[in-house]
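Novice: Just my_file18.cif, nothing more (mmCIF, N, CA and C atoms):
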```cif
data_query
loop_
_atom_site.label_atom_id
_atom_site.label_comp_id
_atom_site.auth_asym_id
_atom_site.auth_seq_id
_atom_site.Cartn_x
_atom_site.Cartn_y
_atom_site.Cartn_z
N MET A 1 -89.14 129.07 -155.22
CA MET A 1 -88.08 128.41 -155.94
C MET A 1 -88.37 126.91 -156.01
N ALA A 2 -88.23 126.32 -157.17
CA ALA A 2 -88.52 124.91 -157.37
C ALA A 2 -87.41 124.04 -156.76
N GLU A 3 -87.84 122.90 -156.23
CA GLU A 3 -86.87 121.96 -155.67
C GLU A 3 -86.12 121.26 -156.80
N ALA A 4 -84.88 120.91 -156.52
CA ALA A 4 -84.10 120.16 -157.50
C ALA A 4 -84.70 118.77 -157.63
N PRO A 5 -84.73 118.22 -158.83
CA PRO A 5 -85.29 116.87 -159.00
C PRO A 5 -84.43 115.84 -158.28
N VAL A 6 -85.08 114.79 -157.83
CA VAL A 6 -84.38 113.70 -157.16
C VAL A 6 -83.56 112.94 -158.19
N ARG A 7 -82.33 112.64 -157.86
CA ARG A 7 -81.52 111.80 -158.75
C ARG A 7 -81.62 110.38 -158.20
N TYR A 8 -82.37 109.56 -158.90
CA TYR A 8 -82.53 108.17 -158.48
C TYR A 8 -81.26 107.39 -158.76
N MET A 9 -81.01 106.38 -157.93
CA MET A 9 -79.81 105.57 -158.05
C MET A 9 -80.10 104.34 -158.90
N THR A 10 -79.14 103.97 -159.72
CA THR A 10 -79.23 102.72 -160.46
C THR A 10 -78.77 101.58 -159.54
N PRO A 11 -79.05 100.34 -159.91
CA PRO A 11 -78.51 99.23 -159.13
C PRO A 11 -76.98 99.27 -159.04
N VAL A 12 -76.32 99.69 -160.10
CA VAL A 12 -74.86 99.80 -160.07
C VAL A 12 -74.43 100.85 -159.05
N ASP A 13 -75.12 102.00 -159.04
CA ASP A 13 -74.82 103.06 -158.06
C ASP A 13 -74.95 102.52 -156.64
N LEU A 14 -76.07 101.87 -156.36
CA LEU A 14 -76.33 101.39 -155.00
C LEU A 14 -75.38 100.27 -154.61
N ALA A 15 -75.10 99.38 -155.53
CA ALA A 15 -74.16 98.29 -155.23
C ALA A 15 -72.79 98.86 -154.87
N GLU A 16 -72.39 99.91 -155.55
CA GLU A 16 -71.10 100.54 -155.26
C GLU A 16 -71.11 101.16 -153.85
N VAL A 17 -72.19 101.84 -153.51
CA VAL A 17 -72.30 102.47 -152.19
C VAL A 17 -72.28 101.41 -151.08
N LEU A 18 -73.03 100.33 -151.29
CA LEU A 18 -73.13 99.29 -150.26
C LEU A 18 -71.97 98.30 -150.31
N GLN A 19 -71.17 98.39 -151.37
CA GLN A 19 -70.04 97.48 -151.57
C GLN A 19 -70.49 96.02 -151.61
N ILE A 20 -71.52 95.79 -152.44
CA ILE A 20 -72.05 94.45 -152.65
C ILE A 20 -72.19 94.23 -154.16
N PRO A 21 -72.28 92.97 -154.60
CA PRO A 21 -72.49 92.72 -156.02
C PRO A 21 -73.88 93.17 -156.48
N VAL A 22 -73.98 93.59 -157.71
CA VAL A 22 -75.26 94.00 -158.29
C VAL A 22 -76.25 92.84 -158.25
N VAL A 23 -75.77 91.63 -158.43
CA VAL A 23 -76.65 90.46 -158.40
C VAL A 23 -77.31 90.29 -157.04
N THR A 24 -76.67 90.72 -155.97
CA THR A 24 -77.29 90.66 -154.64
C THR A 24 -78.53 91.54 -154.60
N LEU A 25 -78.45 92.72 -155.19
CA LEU A 25 -79.64 93.59 -155.24
C LEU A 25 -80.76 92.92 -156.04
N ALA A 26 -80.41 92.29 -157.14
CA ALA A 26 -81.42 91.58 -157.94
C ALA A 26 -82.06 90.46 -157.13
N ASN A 27 -81.25 89.73 -156.38
CA ASN A 27 -81.79 88.66 -155.53
C ASN A 27 -82.70 89.22 -154.45
N TRP A 28 -82.30 90.33 -153.84
CA TRP A 28 -83.14 90.96 -152.82
C TRP A 28 -84.47 91.41 -153.42
N ARG A 29 -84.43 91.99 -154.62
CA ARG A 29 -85.69 92.43 -155.24
C ARG A 29 -86.63 91.26 -155.46
N SER A 30 -86.11 90.15 -155.97
CA SER A 30 -86.98 89.00 -156.24
C SER A 30 -87.49 88.36 -154.95
N ALA A 31 -86.72 88.50 -153.86
CA ALA A 31 -87.12 87.95 -152.57
C ALA A 31 -87.90 88.96 -151.72
N LYS A 32 -88.17 90.13 -152.29
CA LYS A 32 -88.88 91.20 -151.57
C LYS A 32 -88.13 91.64 -150.32
N LYS A 33 -86.79 91.71 -150.43
CA LYS A 33 -85.93 92.19 -149.35
C LYS A 33 -85.21 93.43 -149.85
N GLY A 34 -84.45 94.03 -148.97
CA GLY A 34 -83.64 95.18 -149.37
C GLY A 34 -84.47 96.45 -149.45
N PRO A 35 -83.85 97.52 -149.93
CA PRO A 35 -84.55 98.80 -149.99
C PRO A 35 -85.64 98.80 -151.05
N ARG A 36 -86.64 99.66 -150.83
CA ARG A 36 -87.70 99.83 -151.82
C ARG A 36 -87.09 100.29 -153.13
N PHE A 37 -87.73 99.94 -154.23
CA PHE A 37 -87.23 100.34 -155.55
C PHE A 37 -88.39 100.71 -156.45
N LEU A 38 -88.05 101.40 -157.50
CA LEU A 38 -89.02 101.79 -158.53
C LEU A 38 -88.70 101.02 -159.80
N ARG A 39 -89.73 100.67 -160.53
CA ARG A 39 -89.52 100.09 -161.85
C ARG A 39 -90.12 101.07 -162.85
N LEU A 40 -89.25 101.73 -163.57
CA LEU A 40 -89.65 102.75 -164.54
C LEU A 40 -89.44 102.17 -165.93
N GLY A 41 -90.55 101.71 -166.53
CA GLY A 41 -90.39 100.97 -167.77
C GLY A 41 -89.67 99.68 -167.43
N GLY A 42 -88.58 99.41 -168.08
CA GLY A 42 -87.79 98.23 -167.77
C GLY A 42 -86.62 98.53 -166.86
N LEU A 43 -86.54 99.75 -166.33
CA LEU A 43 -85.39 100.16 -165.53
C LEU A 43 -85.71 100.12 -164.04
N VAL A 44 -84.75 99.66 -163.26
CA VAL A 44 -84.88 99.64 -161.80
C VAL A 44 -84.11 100.84 -161.26
N ARG A 45 -84.76 101.57 -160.35
CA ARG A 45 -84.13 102.72 -159.71
C ARG A 45 -84.46 102.73 -158.23
N TYR A 46 -83.56 103.34 -157.46
CA TYR A 46 -83.72 103.46 -156.01
C TYR A 46 -83.76 104.94 -155.64
N ASP A 47 -84.72 105.31 -154.80
CA ASP A 47 -84.81 106.66 -154.28
C ASP A 47 -83.83 106.75 -153.10
N PRO A 48 -82.90 107.69 -153.12
CA PRO A 48 -81.94 107.81 -152.01
C PRO A 48 -82.61 107.93 -150.64
N ALA A 49 -83.78 108.55 -150.57
CA ALA A 49 -84.49 108.67 -149.29
C ALA A 49 -84.94 107.30 -148.80
N ASP A 50 -85.43 106.44 -149.70
CA ASP A 50 -85.83 105.08 -149.32
C ASP A 50 -84.63 104.26 -148.88
N VAL A 51 -83.52 104.45 -149.56
CA VAL A 51 -82.29 103.73 -149.19
C VAL A 51 -81.85 104.15 -147.79
N ALA A 52 -81.90 105.45 -147.49
CA ALA A 52 -81.51 105.94 -146.17
C ALA A 52 -82.39 105.35 -145.08
N VAL A 53 -83.70 105.28 -145.32
CA VAL A 53 -84.62 104.70 -144.34
C VAL A 53 -84.29 103.23 -144.13
N TRP A 54 -84.09 102.51 -145.22
CA TRP A 54 -83.79 101.08 -145.13
C TRP A 54 -82.48 100.84 -144.37
N LEU A 55 -81.47 101.64 -144.66
CA LEU A 55 -80.20 101.49 -143.96
C LEU A 55 -80.36 101.72 -142.46
N GLU A 56 -81.14 102.72 -142.09
CA GLU A 56 -81.38 102.99 -140.67
C GLU A 56 -82.07 101.79 -140.00
N GLU A 57 -82.98 101.16 -140.72
CA GLU A 57 -83.70 99.99 -140.18
C GLU A 57 -82.76 98.79 -139.99
N GLN A 58 -81.63 98.78 -140.66
CA GLN A 58 -80.70 97.65 -140.58
C GLN A 58 -79.76 97.75 -139.38
N ARG A 59 -79.77 98.88 -138.70
CA ARG A 59 -78.86 99.05 -137.55
C ARG A 59 -79.15 98.02 -136.47
N ALA A 60 -78.11 97.43 -135.95
CA ALA A 60 -78.24 96.48 -134.84
C ALA A 60 -78.26 97.27 -133.53
N ASP A 61 -79.00 96.77 -132.58
CA ASP A 61 -79.05 97.42 -131.26
C ASP A 61 -77.83 97.10 -130.45
#
```
Will you turn the file into structure tokens for me?
Specialist:
Amino acid sequence: MAEAPVRYMTPVDLAEVLQIPVVTLANWRSAKKGPRFLRLGGLVRYDPADVAVWLEEQRAD
């Protein structure tokens, strides 16, 4: 059985989940911070698995 395709998140999707402005994600991308992202043509997308890894790395001890 084939796996379901990954539904990549838009910057708007991720900003909503993180409760931050979309412009913050844009700033993070230009500063090479934040979760990994894909650039597909002119579109920016986030893999939910990459976001989960990045969020785990942000945990304070």
Novice: Just so the selection is clear, what residues does the PyMOL selection byres ((chain A and resi 10) around 8) cover here, as a list in words?
Specialist: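 Residues picked by the PyMOL selection byres ((chain A and resi 10) around 8): Arg7, Tyr8, Met9, Pro11, Val12, Asp13, Leu14, Ala15, Glu16, Leu43, Val44, Arg45, Tyr46 and Asp47 of chain A.
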Novice: What is the distance, in Å and to one decimal place, between CA of Ala4 (chain A) and atom N of Pro48 (chain A)?
Specialist: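 Between CA of Ala4 (chain A) and atom N of Pro48 (chain A) the gap is 13.3 Å.
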Novice: First collect every listed atom of region 25-33 of chain A; then fit an axis-aligned box around them, widen it by 5 Å on each side, and give centre and edge lengths in Å to one decimal, as lines of an AutoDock Vina configuration file.
Specialist:
```
center_x = -83.7
center_y = 90.8
center_z = -153.6
size_x = 20.4
size_y = 15.6
size_z = 18.6
```
Novice: Looking only at strand (DSSP E) from DSSP on the backbone, list the matching residues of chain A as an MDAnalysis selection string.
Specialist: chainID A and resid 38:40 43:45
Novice: Among chain A, which ones does DSSP assign to helix (DSSP H, G or I) (computed from the backbone)? Answer as a list of chain:residue names.
Specialist: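 For chain A, the helix (DSSP H, G or I) set is A:Pro11, A:Val12, A:Asp13, A:Leu14, A:Ala15, A:Glu16, A:Val17, A:Leu18, A:Val22, A:Val23, A:Thr24, A:Leu25, A:Ala26, A:Asn27, A:Trp28, A:Arg29, A:Ser30, A:Pro48, A:Ala49, A:Asp50, A:Val51, A:Ala52, A:Val53, A:Trp54, A:Leu55, A:Glu56, A:Glu57.
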Novice: Tell me which protein, DNA and RNA residues are within 8 Å of Pro35 (chain A), counting all atoms listed in the file, leaving out same-chain ones fewer than 3 positions away, and put them as a list in words.
Specialist: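 Neighbouring residues, sequence-local ones excluded: Leu25, Trp28, Arg29, Lys32, Leu38, Tyr46, Asp47, Asp50, Val51, Ala52, Val53, Trp54 and Leu55 of chain A.
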Novice: Take the residues that were just selected and, keeping N, CA and C atoms, output them as a PDB file, in the frame of the given file.
Specialist:
```pdb
ATOM      1  N   LEU A  25     -78.450  92.720-155.190  1.00  0.00           N
ATOM      2  CA  LEU A  25     -79.640  93.590-155.240  1.00  0.00           C
ATOM      3  C   LEU A  25     -80.760  92.920-156.040  1.00  0.00           C
ATOM      4  N   TRP A  28     -82.300  90.330-153.840  1.00  0.00           N
ATOM      5  CA  TRP A  28     -83.140  90.960-152.820  1.00  0.00           C
ATOM      6  C   TRP A  28     -84.470  91.410-153.420  1.00  0.00           C
ATOM      7  N   ARG A  29     -84.430  91.990-154.620  1.00  0.00           N
ATOM      8  CA  ARG A  29     -85.690  92.430-155.240  1.00  0.00           C
ATOM      9  C   ARG A  29     -86.630  91.260-155.460  1.00  0.00           C
ATOM     10  N   LYS A  32     -88.170  90.130-152.290  1.00  0.00           N
ATOM     11  CA  LYS A  32     -88.880  91.200-151.570  1.00  0.00           C
ATOM     12  C   LYS A  32     -88.130  91.640-150.320  1.00  0.00           C
ATOM     13  N   LEU A  38     -88.050 101.400-157.500  1.00  0.00           N
ATOM     14  CA  LEU A  38     -89.020 101.790-158.530  1.00  0.00           C
ATOM     15  C   LEU A  38     -88.700 101.020-159.800  1.00  0.00           C
ATOM     16  N   TYR A  46     -83.560 103.340-157.460  1.00  0.00           N
ATOM     17  CA  TYR A  46     -83.720 103.460-156.010  1.00  0.00           C
ATOM     18  C   TYR A  46     -83.760 104.940-155.640  1.00  0.00           C
ATOM     19  N   ASP A  47     -84.720 105.310-154.800  1.00  0.00           N
ATOM     20  CA  ASP A  47     -84.810 106.660-154.280  1.00  0.00           C
ATOM     21  C   ASP A  47     -83.830 106.750-153.100  1.00  0.00           C
ATOM     22  N   ASP A  50     -85.430 106.440-149.700  1.00  0.00           N
ATOM     23  CA  ASP A  50     -85.830 105.080-149.320  1.00  0.00           C
ATOM     24  C   ASP A  50     -84.630 104.260-148.880  1.00  0.00           C
ATOM     25  N   VAL A  51     -83.520 104.450-149.560  1.00  0.00           N
ATOM     26  CA  VAL A  51     -82.290 103.730-149.190  1.00  0.00           C
ATOM     27  C   VAL A  51     -81.850 104.150-147.790  1.00  0.00           C
ATOM     28  N   ALA A  52     -81.900 105.450-147.490  1.00  0.00           N
ATOM     29  CA  ALA A  52     -81.510 105.940-146.170  1.00  0.00           C
ATOM     30  C   ALA A  52     -82.390 105.350-145.080  1.00  0.00           C
ATOM     31  N   VAL A  53     -83.700 105.280-145.320  1.00  0.00           N
ATOM     32  CA  VAL A  53     -84.620 104.700-144.340  1.00  0.00           C
ATOM     33  C   VAL A  53     -84.290 103.230-144.130  1.00  0.00           C
ATOM     34  N   TRP A  54     -84.090 102.510-145.220  1.00  0.00           N
ATOM     35  CA  TRP A  54     -83.790 101.080-145.130  1.00  0.00           C
ATOM     36  C   TRP A  54     -82.480 100.840-144.370  1.00  0.00           C
ATOM     37  N   LEU A  55     -81.470 101.640-144.660  1.00  0.00           N
ATOM     38  CA  LEU A  55     -80.200 101.490-143.960  1.00  0.00           C
ATOM     39  C   LEU A  55     -80.360 101.720-142.460  1.00  0.00           C
TER      40      LEU A  55
END
```
Novice: What does the structure give for the distance between CA of Arg36 (chain A) and CA of Met1 (chain A), in Å to one decimal?
Specialist: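 Interatomic distance here is 28.9 Å.
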Novice: Just the number, please: distance in Å from CA of Leu18 (chain A) to CA of Pro5 (chain A), one decimal.
Specialist: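 Going from CA of Leu18 (chain A) over to CA of Pro5 (chain A), I get 23.1 Å.
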Novice: Using only C-alpha atoms, which residue out of A:Glu3, A:Gly34, A:Leu40, A:Val23 lies closest to Glu56 (chain A)?
Specialist: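 Selected residue with least distance to Glu56 (chain A): A:Gly34.
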